[in-house]
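Visitor: Following this line is model_7.pdb, made up of PDB, C-alpha atoms, pLDDT in the B column:
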```
MODEL        1
ATOM      1  CA  MET A 761     -49.020 -20.254  12.069  1.00 53.00           C
ATOM      2  CA  LYS A 762     -45.750 -20.273  14.021  1.00 48.00           C
ATOM      3  CA  LEU A 763     -43.999 -22.040  11.130  1.00 39.00           C
ATOM      4  CA  LEU A 764     -45.284 -19.395   8.707  1.00 38.00           C
ATOM      5  CA  GLN A 765     -43.915 -16.607  10.938  1.00 40.00           C
ATOM      6  CA  ILE A 766     -40.515 -18.315  11.074  1.00 35.00           C
ATOM      7  CA  LEU A 767     -40.458 -18.754   7.291  1.00 32.00           C
ATOM      8  CA  VAL A 768     -41.379 -15.084   6.777  1.00 35.00           C
ATOM      9  CA  MET A 769     -38.634 -14.005   9.215  1.00 35.00           C
ATOM     10  CA  LEU A 770     -36.061 -16.193   7.445  1.00 32.00           C
ATOM     11  CA  ALA A 771     -37.098 -14.871   4.038  1.00 37.00           C
ATOM     12  CA  SER A 772     -36.868 -11.279   5.332  1.00 34.00           C
ATOM     13  CA  ALA A 773     -33.434 -11.898   6.844  1.00 35.00           C
ATOM     14  CA  THR A 774     -32.204 -13.480   3.602  1.00 37.00           C
ATOM     15  CA  THR A 775     -33.594 -10.563   1.568  1.00 37.00           C
ATOM     16  CA  LEU A 776     -31.902  -8.055   3.895  1.00 33.00           C
ATOM     17  CA  GLN A 777     -28.612  -9.978   3.746  1.00 40.00           C
ATOM     18  CA  ASN A 778     -28.797 -10.083  -0.060  1.00 40.00           C
ATOM     19  CA  ALA A 779     -29.511  -6.330  -0.146  1.00 40.00           C
ATOM     20  CA  TRP A 780     -26.453  -5.646   2.047  1.00 39.00           C
ATOM     21  CA  ALA A 781     -24.319  -7.929  -0.118  1.00 47.00           C
ATOM     22  CA  SER A 782     -25.601  -6.268  -3.272  1.00 77.00           C
ATOM     23  CA  GLU A 783     -24.931  -2.773  -1.869  1.00 90.00           C
ATOM     24  CA  ALA A 784     -21.400  -3.687  -0.767  1.00 91.00           C
ATOM     25  CA  LEU A 785     -20.635  -5.278  -4.132  1.00 91.00           C
ATOM     26  CA  ASN A 786     -21.860  -2.103  -5.865  1.00 93.00           C
ATOM     27  CA  GLN A 787     -19.571  -0.063  -3.585  1.00 94.00           C
ATOM     28  CA  TYR A 788     -16.656  -2.300  -4.558  1.00 95.00           C
ATOM     29  CA  LYS A 789     -17.520  -2.004  -8.254  1.00 94.00           C
ATOM     30  CA  ALA A 790     -17.470   1.805  -7.897  1.00 94.00           C
ATOM     31  CA  ILE A 791     -13.787   1.544  -6.965  1.00 96.00           C
ATOM     32  CA  THR A 792     -13.049  -0.442 -10.136  1.00 96.00           C
ATOM     33  CA  VAL A 793     -14.119   2.612 -12.197  1.00 95.00           C
ATOM     34  CA  LEU A 794     -10.832   4.222 -11.127  1.00 97.00           C
ATOM     35  CA  GLU A 795      -8.831   1.554 -12.998  1.00 98.00           C
ATOM     36  CA  GLY A 796      -6.035   2.976 -15.114  1.00 98.00           C
ATOM     37  CA  ASP A 797      -3.122   5.389 -14.857  1.00 98.00           C
ATOM     38  CA  TRP A 798      -3.394   8.930 -13.519  1.00 98.00           C
ATOM     39  CA  ILE A 799      -0.958  11.856 -13.754  1.00 98.00           C
ATOM     40  CA  LEU A 800      -0.656  14.676 -11.234  1.00 97.00           C
ATOM     41  CA  SER A 801      -2.467  17.778 -12.434  1.00 96.00           C
ATOM     42  CA  PRO A 802      -0.247  20.873 -12.966  1.00 95.00           C
ATOM     43  CA  ALA A 803       1.136  22.546  -9.816  1.00 93.00           C
ATOM     44  CA  GLU A 804      -1.291  25.493 -10.034  1.00 94.00           C
ATOM     45  CA  GLN A 805      -4.220  23.055  -9.709  1.00 94.00           C
ATOM     46  CA  GLN A 806      -2.813  21.398  -6.582  1.00 95.00           C
ATOM     47  CA  GLU A 807      -3.719  22.430  -3.033  1.00 93.00           C
ATOM     48  CA  GLY A 808      -1.923  22.004   0.264  1.00 88.00           C
ATOM     49  CA  GLY A 809       1.645  20.863   0.774  1.00 90.00           C
ATOM     50  CA  ALA A 810       1.588  17.228  -0.416  1.00 90.00           C
ATOM     51  CA  THR A 811       2.612  18.127  -3.965  1.00 91.00           C
ATOM     52  CA  LYS A 812       4.891  21.075  -3.109  1.00 91.00           C
ATOM     53  CA  LYS A 813       7.892  18.979  -2.068  1.00 89.00           C
ATOM     54  CA  GLY A 814       9.374  15.534  -2.498  1.00 89.00           C
ATOM     55  CA  PRO A 815       8.683  13.209  -5.397  1.00 93.00           C
ATOM     56  CA  ALA A 816       5.207  14.616  -6.089  1.00 94.00           C
ATOM     57  CA  ALA A 817       6.641  18.092  -6.764  1.00 94.00           C
ATOM     58  CA  ASN A 818       8.940  16.651  -9.429  1.00 93.00           C
ATOM     59  CA  ILE A 819       6.155  14.958 -11.406  1.00 95.00           C
ATOM     60  CA  ALA A 820       3.248  17.433 -11.072  1.00 94.00           C
ATOM     61  CA  GLY A 821       2.140  18.509 -14.534  1.00 93.00           C
ATOM     62  CA  THR A 822       4.230  15.874 -16.339  1.00 95.00           C
ATOM     63  CA  ASP A 823       3.158  12.714 -18.164  1.00 96.00           C
ATOM     64  CA  THR A 824       4.616  10.506 -15.404  1.00 97.00           C
ATOM     65  CA  THR A 825       2.113   8.136 -13.806  1.00 97.00           C
ATOM     66  CA  ALA A 826       1.525   9.365 -10.249  1.00 97.00           C
ATOM     67  CA  MET A 827      -1.344   7.034  -9.317  1.00 98.00           C
ATOM     68  CA  SER A 828      -2.565   3.793 -10.804  1.00 98.00           C
ATOM     69  CA  PHE A 829      -5.461   1.484 -10.101  1.00 98.00           C
ATOM     70  CA  LYS A 830      -5.467  -2.097 -11.303  1.00 98.00           C
ATOM     71  CA  VAL A 831      -8.066  -4.819 -10.809  1.00 97.00           C
ATOM     72  CA  ILE A 832      -6.255  -8.019  -9.809  1.00 97.00           C
ATOM     73  CA  GLY A 833      -7.029 -11.434  -8.321  1.00 95.00           C
ATOM     74  CA  ARG A 834      -9.620 -12.323 -10.979  1.00 92.00           C
ATOM     75  CA  GLY A 835     -11.589  -9.205 -10.096  1.00 92.00           C
ATOM     76  CA  SER A 836     -11.468  -9.622  -6.319  1.00 93.00           C
ATOM     77  CA  THR A 837      -9.077  -6.772  -5.464  1.00 96.00           C
ATOM     78  CA  VAL A 838      -8.280  -3.264  -6.660  1.00 98.00           C
ATOM     79  CA  GLN A 839      -4.626  -2.328  -6.213  1.00 98.00           C
ATOM     80  CA  GLU A 840      -3.896   1.391  -5.872  1.00 98.00           C
ATOM     81  CA  ASN A 841      -0.292   2.594  -6.262  1.00 98.00           C
ATOM     82  CA  LEU A 842       0.486   6.157  -5.249  1.00 98.00           C
ATOM     83  CA  LEU A 843       3.725   7.723  -6.533  1.00 97.00           C
ATOM     84  CA  PRO A 844       4.982   4.479  -8.153  1.00 97.00           C
ATOM     85  CA  GLY A 845       8.724   4.156  -8.584  1.00 95.00           C
ATOM     86  CA  THR A 846       9.498   6.903  -6.049  1.00 95.00           C
ATOM     87  CA  SER A 847      10.857   6.831  -2.498  1.00 94.00           C
ATOM     88  CA  LYS A 848       7.326   7.632  -1.260  1.00 95.00           C
ATOM     89  CA  GLU A 849       5.545   4.863  -3.183  1.00 97.00           C
ATOM     90  CA  MET A 850       2.542   3.491  -1.307  1.00 98.00           C
ATOM     91  CA  ALA A 851      -0.135   0.924  -2.096  1.00 98.00           C
ATOM     92  CA  THR A 852      -3.709   0.399  -0.974  1.00 98.00           C
ATOM     93  CA  MET A 853      -5.577  -2.837  -1.602  1.00 98.00           C
ATOM     94  CA  TYR A 854      -9.389  -2.590  -1.801  1.00 98.00           C
ATOM     95  CA  HIS A 855     -11.477  -5.757  -1.516  1.00 97.00           C
ATOM     96  CA  CYS A 856     -14.711  -7.255  -0.256  1.00 94.00           C
ATOM     97  CA  ASN A 857     -14.574  -9.006   3.104  1.00 92.00           C
ATOM     98  CA  ASP A 858     -15.735 -12.117   1.201  1.00 87.00           C
ATOM     99  CA  PHE A 859     -15.965 -11.692  -2.560  1.00 75.00           C
ATOM    100  CA  LYS A 860     -18.653 -14.346  -3.047  1.00 81.00           C
ATOM    101  CA  ASP A 861     -20.878 -12.905  -0.293  1.00 86.00           C
ATOM    102  CA  CYS A 862     -19.619  -9.331  -0.130  1.00 90.00           C
ATOM    103  CA  SER A 863     -21.172  -7.543   2.833  1.00 92.00           C
ATOM    104  CA  GLN A 864     -18.421  -4.985   3.482  1.00 94.00           C
ATOM    105  CA  VAL A 865     -15.729  -3.274   1.410  1.00 97.00           C
ATOM    106  CA  LYS A 866     -12.367  -3.131   3.160  1.00 97.00           C
ATOM    107  CA  ALA A 867      -8.901  -1.822   2.374  1.00 98.00           C
ATOM    108  CA  LYS A 868      -5.376  -1.996   3.693  1.00 98.00           C
ATOM    109  CA  HIS A 869      -2.926   0.854   3.067  1.00 98.00           C
ATOM    110  CA  TYR A 870       0.804   0.106   2.883  1.00 98.00           C
ATOM    111  CA  CYS A 871       2.217   3.458   3.915  1.00 97.00           C
ATOM    112  CA  ALA A 872       5.545   5.260   3.615  1.00 95.00           C
ATOM    113  CA  LYS A 873       5.110   5.784   7.373  1.00 95.00           C
ATOM    114  CA  GLN A 874       5.907   2.036   7.515  1.00 97.00           C
ATOM    115  CA  ASN A 875       2.566   1.015   8.985  1.00 98.00           C
ATOM    116  CA  GLN A 876      -0.547  -0.577   7.504  1.00 98.00           C
ATOM    117  CA  PRO A 877      -3.869   0.960   8.575  1.00 98.00           C
ATOM    118  CA  GLU A 878      -7.010  -0.991   7.719  1.00 98.00           C
ATOM    119  CA  PHE A 879     -10.169   0.661   6.384  1.00 98.00           C
ATOM    120  CA  VAL A 880     -13.870   0.055   5.898  1.00 98.00           C
ATOM    121  CA  PHE A 881     -16.129   1.671   3.326  1.00 97.00           C
ATOM    122  CA  ASP A 882     -17.800   4.816   4.707  1.00 97.00           C
ATOM    123  CA  ALA A 883     -21.263   4.801   3.092  1.00 95.00           C
ATOM    124  CA  LYS A 884     -22.333   7.930   4.998  1.00 96.00           C
ATOM    125  CA  ASN A 885     -19.645  10.058   3.307  1.00 97.00           C
ATOM    126  CA  SER A 886     -19.757   8.371  -0.110  1.00 95.00           C
ATOM    127  CA  ASN A 887     -21.974   8.989  -3.120  1.00 94.00           C
ATOM    128  CA  ALA A 888     -21.978   8.379  -6.875  1.00 91.00           C
ATOM    129  CA  ASN A 889     -18.749  10.386  -7.319  1.00 95.00           C
ATOM    130  CA  VAL A 890     -17.096   9.976  -3.898  1.00 97.00           C
ATOM    131  CA  ILE A 891     -15.501   6.861  -2.439  1.00 97.00           C
ATOM    132  CA  ALA A 892     -14.783   7.349   1.252  1.00 98.00           C
ATOM    133  CA  MET A 893     -12.912   4.883   3.436  1.00 98.00           C
ATOM    134  CA  THR A 894     -12.421   5.301   7.169  1.00 98.00           C
ATOM    135  CA  CYS A 895     -10.055   3.601   9.581  1.00 98.00           C
ATOM    136  CA  ASP A 896     -11.394   0.294  10.889  1.00 98.00           C
ATOM    137  CA  MET A 897     -11.723   1.073  14.579  1.00 97.00           C
ATOM    138  CA  SER A 898     -11.572  -2.655  15.417  1.00 96.00           C
ATOM    139  CA  SER A 899      -7.890  -2.605  14.371  1.00 96.00           C
ATOM    140  CA  PRO A 900      -5.201  -1.612  16.902  1.00 97.00           C
ATOM    141  CA  LEU A 901      -3.432   0.970  14.701  1.00 97.00           C
ATOM    142  CA  CYS A 902      -6.608   3.008  14.175  1.00 97.00           C
ATOM    143  CA  ASN A 903      -6.988   3.329  17.949  1.00 95.00           C
ATOM    144  CA  SER A 904      -3.341   4.128  18.622  1.00 96.00           C
ATOM    145  CA  ASN A 905      -1.448   7.400  19.050  1.00 97.00           C
ATOM    146  CA  GLU A 906       0.866   6.414  16.185  1.00 97.00           C
ATOM    147  CA  GLY A 907       0.679   8.675  13.134  1.00 97.00           C
ATOM    148  CA  HIS A 908      -1.307   6.931  10.400  1.00 98.00           C
ATOM    149  CA  ILE A 909      -3.636   7.532   7.477  1.00 98.00           C
ATOM    150  CA  HIS A 910      -7.104   7.531   9.060  1.00 98.00           C
ATOM    151  CA  LYS A 911      -9.298   8.351   6.052  1.00 98.00           C
ATOM    152  CA  ILE A 912      -9.032   8.034   2.280  1.00 98.00           C
ATOM    153  CA  ARG A 913     -11.364   9.945  -0.007  1.00 98.00           C
ATOM    154  CA  HIS A 914     -11.446   9.652  -3.806  1.00 98.00           C
ATOM    155  CA  GLU A 915     -13.627  12.222  -5.557  1.00 98.00           C
ATOM    156  CA  LEU A 916     -14.113  11.508  -9.267  1.00 97.00           C
ATOM    157  CA  SER A 917     -15.348  14.144 -11.718  1.00 96.00           C
ATOM    158  CA  LYS A 918     -18.642  13.466 -13.469  1.00 94.00           C
ATOM    159  CA  ASP A 919     -16.803  12.832 -16.760  1.00 96.00           C
ATOM    160  CA  ASN A 920     -14.349  10.417 -15.006  1.00 95.00           C
ATOM    161  CA  THR A 921     -11.277  12.389 -16.137  1.00 97.00           C
ATOM    162  CA  HIS A 922     -10.249  14.165 -12.892  1.00 98.00           C
ATOM    163  CA  LEU A 923      -9.630  12.636  -9.477  1.00 98.00           C
ATOM    164  CA  LYS A 924      -9.132  14.461  -6.190  1.00 98.00           C
ATOM    165  CA  THR A 925      -7.685  12.154  -3.531  1.00 98.00           C
ATOM    166  CA  THR A 926      -7.335  13.098   0.116  1.00 98.00           C
ATOM    167  CA  TYR A 927      -5.379  11.107   2.690  1.00 98.00           C
ATOM    168  CA  THR A 928      -6.246  12.269   6.221  1.00 98.00           C
ATOM    169  CA  THR A 929      -3.558  11.721   8.866  1.00 98.00           C
ATOM    170  CA  PHE A 930      -4.301  11.240  12.562  1.00 98.00           C
ATOM    171  CA  LYS A 931      -1.704  11.305  15.328  1.00 97.00           C
ATOM    172  CA  ASP A 932      -2.210  11.039  19.083  1.00 97.00           C
ATOM    173  CA  GLY A 933      -5.802  10.060  18.386  1.00 95.00           C
ATOM    174  CA  LYS A 934      -6.759  13.239  16.548  1.00 96.00           C
ATOM    175  CA  TYR A 935      -6.707  14.957  13.166  1.00 98.00           C
ATOM    176  CA  LYS A 936      -3.265  16.166  12.058  1.00 97.00           C
ATOM    177  CA  LYS A 937      -3.492  17.037   8.337  1.00 97.00           C
ATOM    178  CA  ASP A 938      -4.900  16.298   4.903  1.00 97.00           C
ATOM    179  CA  SER A 939      -2.603  15.387   2.017  1.00 96.00           C
ATOM    180  CA  ILE A 940      -4.516  16.313  -1.153  1.00 97.00           C
ATOM    181  CA  TYR A 941      -3.611  15.280  -4.683  1.00 97.00           C
ATOM    182  CA  HIS A 942      -5.319  16.241  -7.949  1.00 97.00           C
ATOM    183  CA  PHE A 943      -4.939  13.764 -10.821  1.00 98.00           C
ATOM    184  CA  ASP A 944      -5.962  13.656 -14.475  1.00 98.00           C
ATOM    185  CA  ARG A 945      -6.654  10.391 -16.260  1.00 98.00           C
ATOM    186  CA  LYS A 946      -3.699   9.477 -18.508  1.00 96.00           C
TER     187      LYS A 946
ENDMDL
END
```
In structure tokens, write the structure found in this file.

Guide:
Amino acid sequence: MKLLQILVMLASATTLQNAWASEALNQYKAITVLEGDWILSPAEQQEGGATKKGPAANIAGTDTTAMSFKVIGRGSTVQENLLPGTSKEMATMYHCNDFKDCSQVKAKHYCAKQNQPEFVFDAKNSNANVIAMTCDMSSPLCNSNEGHIHKIRHELSKDNTHLKTTYTTFKDGKYKKDSIYHFDRK
């Protein structure tokens, strides 16, 4: 009887682990849907100050690629490039913690602020059209007073042609601002 209980517990644990891995892999695959080039929507469709000045202001409403997503590493990583070829170019790399046994989606953002915050997938604030990442609180930068991107949110339209991306900045341990960009698929 005891052996049967142990076998049932092991089978349940394996099933639960497989469910977590399957869920995380599905979350990762949702990010791959963003693959391709995106242009900044016209200025009148933008909100906030992120696209009102600097390199973003110069390319809003043009055919210049302002954001790109590319699946690399034989499918194991999604590379995001924001404002490629400009002085504010930044990259974020999305990946599973272990691609073969994916139990958590992670990301690292290479910022124009010259720091690299690390993120984990935020299932609570994500859904079929929203990919939310939040700062990995086990990393030193996310717990520091240094200004850094603390959240990334990609909201994709139902027809997959419009993307609203929000980068949330924290400084001194609290919310500072949202930088919001609206993109159209190229």

Visitor: So how many Å separate CA of Lys830 (chain A) and CA of Tyr788 (chain A), to one decimal?

Guide: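 Spanning CA of Lys830 (chain A) to CA of Tyr788 (chain A) is a straight-line distance of 13.1 Å.
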
Visitor: Need to verify the contact set: Ile909 (chain A), 9 Å, only C-alpha atoms, exclusion of same-chain residues closer than 3 positions in sequence. Can you return it as a list in words?

Guide: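 The filter keeps His869, Cys871, Lys873, Gln876, Pro877, Cys895, Cys902, Ile912, Tyr927, Thr928, Thr929, Phe930 and Lys931 of chain A.
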
Visitor: Give as a VMD selection string the residues that the PyMOL selection byres ((chain A and resi 845) around 12) matches when applied to the coordinates above.

Guide: chain A and resid 815 to 816 819 824 to 828 841 to 844 846 to 851

Visitor: Could you work out how far CA of Thr792 (chain A) lies from CA of Ala883 (chain A), giving the answer in Å with one decimal?

Guide: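 So the answer is 16.4 Å.
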
Visitor: Nearest residue to Gly796 (chain A) out of A:Asn875, A:Asn818, A:Thr921, A:Thr837, using all atoms listed in the file?

Guide: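 Looking at the shortest contact to Gly796 (chain A), the residue is A:Thr921.
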
Visitor: Could you tell me how far CA of Phe879 (chain A) sits from CA of Ala784 (chain A), in Å to one decimal place?

Guide: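 Value for the CA of Ala784 (chain A)-CA of Phe879 (chain A) distance: 14.0 Å.
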
Visitor: In terms of the shortest atom-to-atom distance over all atoms listed in the file, which of A:Gln839, A:Ser898, A:Gln787, A:Thr926 is closest to Phe881 (chain A)?

Guide: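 Of all the options, A:Gln787 lies closest to Phe881 (chain A).
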
Visitor: Taking only C-alpha atoms into account, which of A:Arg945, A:Glu783, A:Gly907, A:Ala888 comes nearest Ser863 (chain A)?

Guide: A:Glu783

Visitor: Given the choices A:Glu804, A:Lys789, A:Asn857, A:Gly809, which gets closest to Val838 (chain A) if the distance is worked out from all atoms listed in the file?

Guide: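 Comparing A:Glu804, A:Lys789, A:Asn857, A:Gly809 against Val838 (chain A), the winner is A:Lys789.
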
Visitor: Dig up all the protein and nucleic acid residues within 6 Å of (-10.5, -4.9, 2.1) in the file frame, using only C-alpha atoms, and format them as number ranges by chain.

Guide: A: 854-857, 865-867

Visitor: Find, counting only C-alpha atoms, the residue in A:Lys937, A:His942, A:Lys918, A:Arg913 that gets nearest to Ile791 (chain A).

Guide: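 Once distances to Ile791 (chain A) are computed over only C-alpha atoms, the minimum belongs to A:Arg913.
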
Visitor: With only C-alpha atoms as the atoms that count, which of A:Asn920, A:Pro900, A:Asn887, A:Asp932 lies nearest to Lys946 (chain A)?

Guide: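 Using only C-alpha atoms, the shortest distance to Lys946 (chain A) belongs to A:Asn920.
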
Visitor: Which residues match the PyMOL selection byres ((chain A and resi 916) around 9) in the file above, as a CSV table (one decimal) with C-alpha atoms, in the frame of the given file?

Guide:
```
chain,number,residue,atom,x,y,z
A,794,LEU,CA,-10.8,4.2,-11.1
A,888,ALA,CA,-22.0,8.4,-6.9
A,889,ASN,CA,-18.7,10.4,-7.3
A,890,VAL,CA,-17.1,10.0,-3.9
A,891,ILE,CA,-15.5,6.9,-2.4
A,914,HIS,CA,-11.4,9.7,-3.8
A,915,GLU,CA,-13.6,12.2,-5.6
A,917,SER,CA,-15.3,14.1,-11.7
A,918,LYS,CA,-18.6,13.5,-13.5
A,919,ASP,CA,-16.8,12.8,-16.8
A,920,ASN,CA,-14.3,10.4,-15.0
A,921,THR,CA,-11.3,12.4,-16.1
A,922,HIS,CA,-10.2,14.2,-12.9
A,923,LEU,CA,-9.6,12.6,-9.5
A,924,LYS,CA,-9.1,14.5,-6.2
A,925,THR,CA,-7.7,12.2,-3.5
```

Visitor: What residues come out when you apply the PyMOL selection byres ((chain A and resi 861) around 9) to this file, written as a list in words?

Guide: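 Applying the expression gives Asn778, Ala781, Ser782, Leu785, Cys856, Asn857, Asp858, Phe859, Lys860, Cys862 and Ser863 of chain A.
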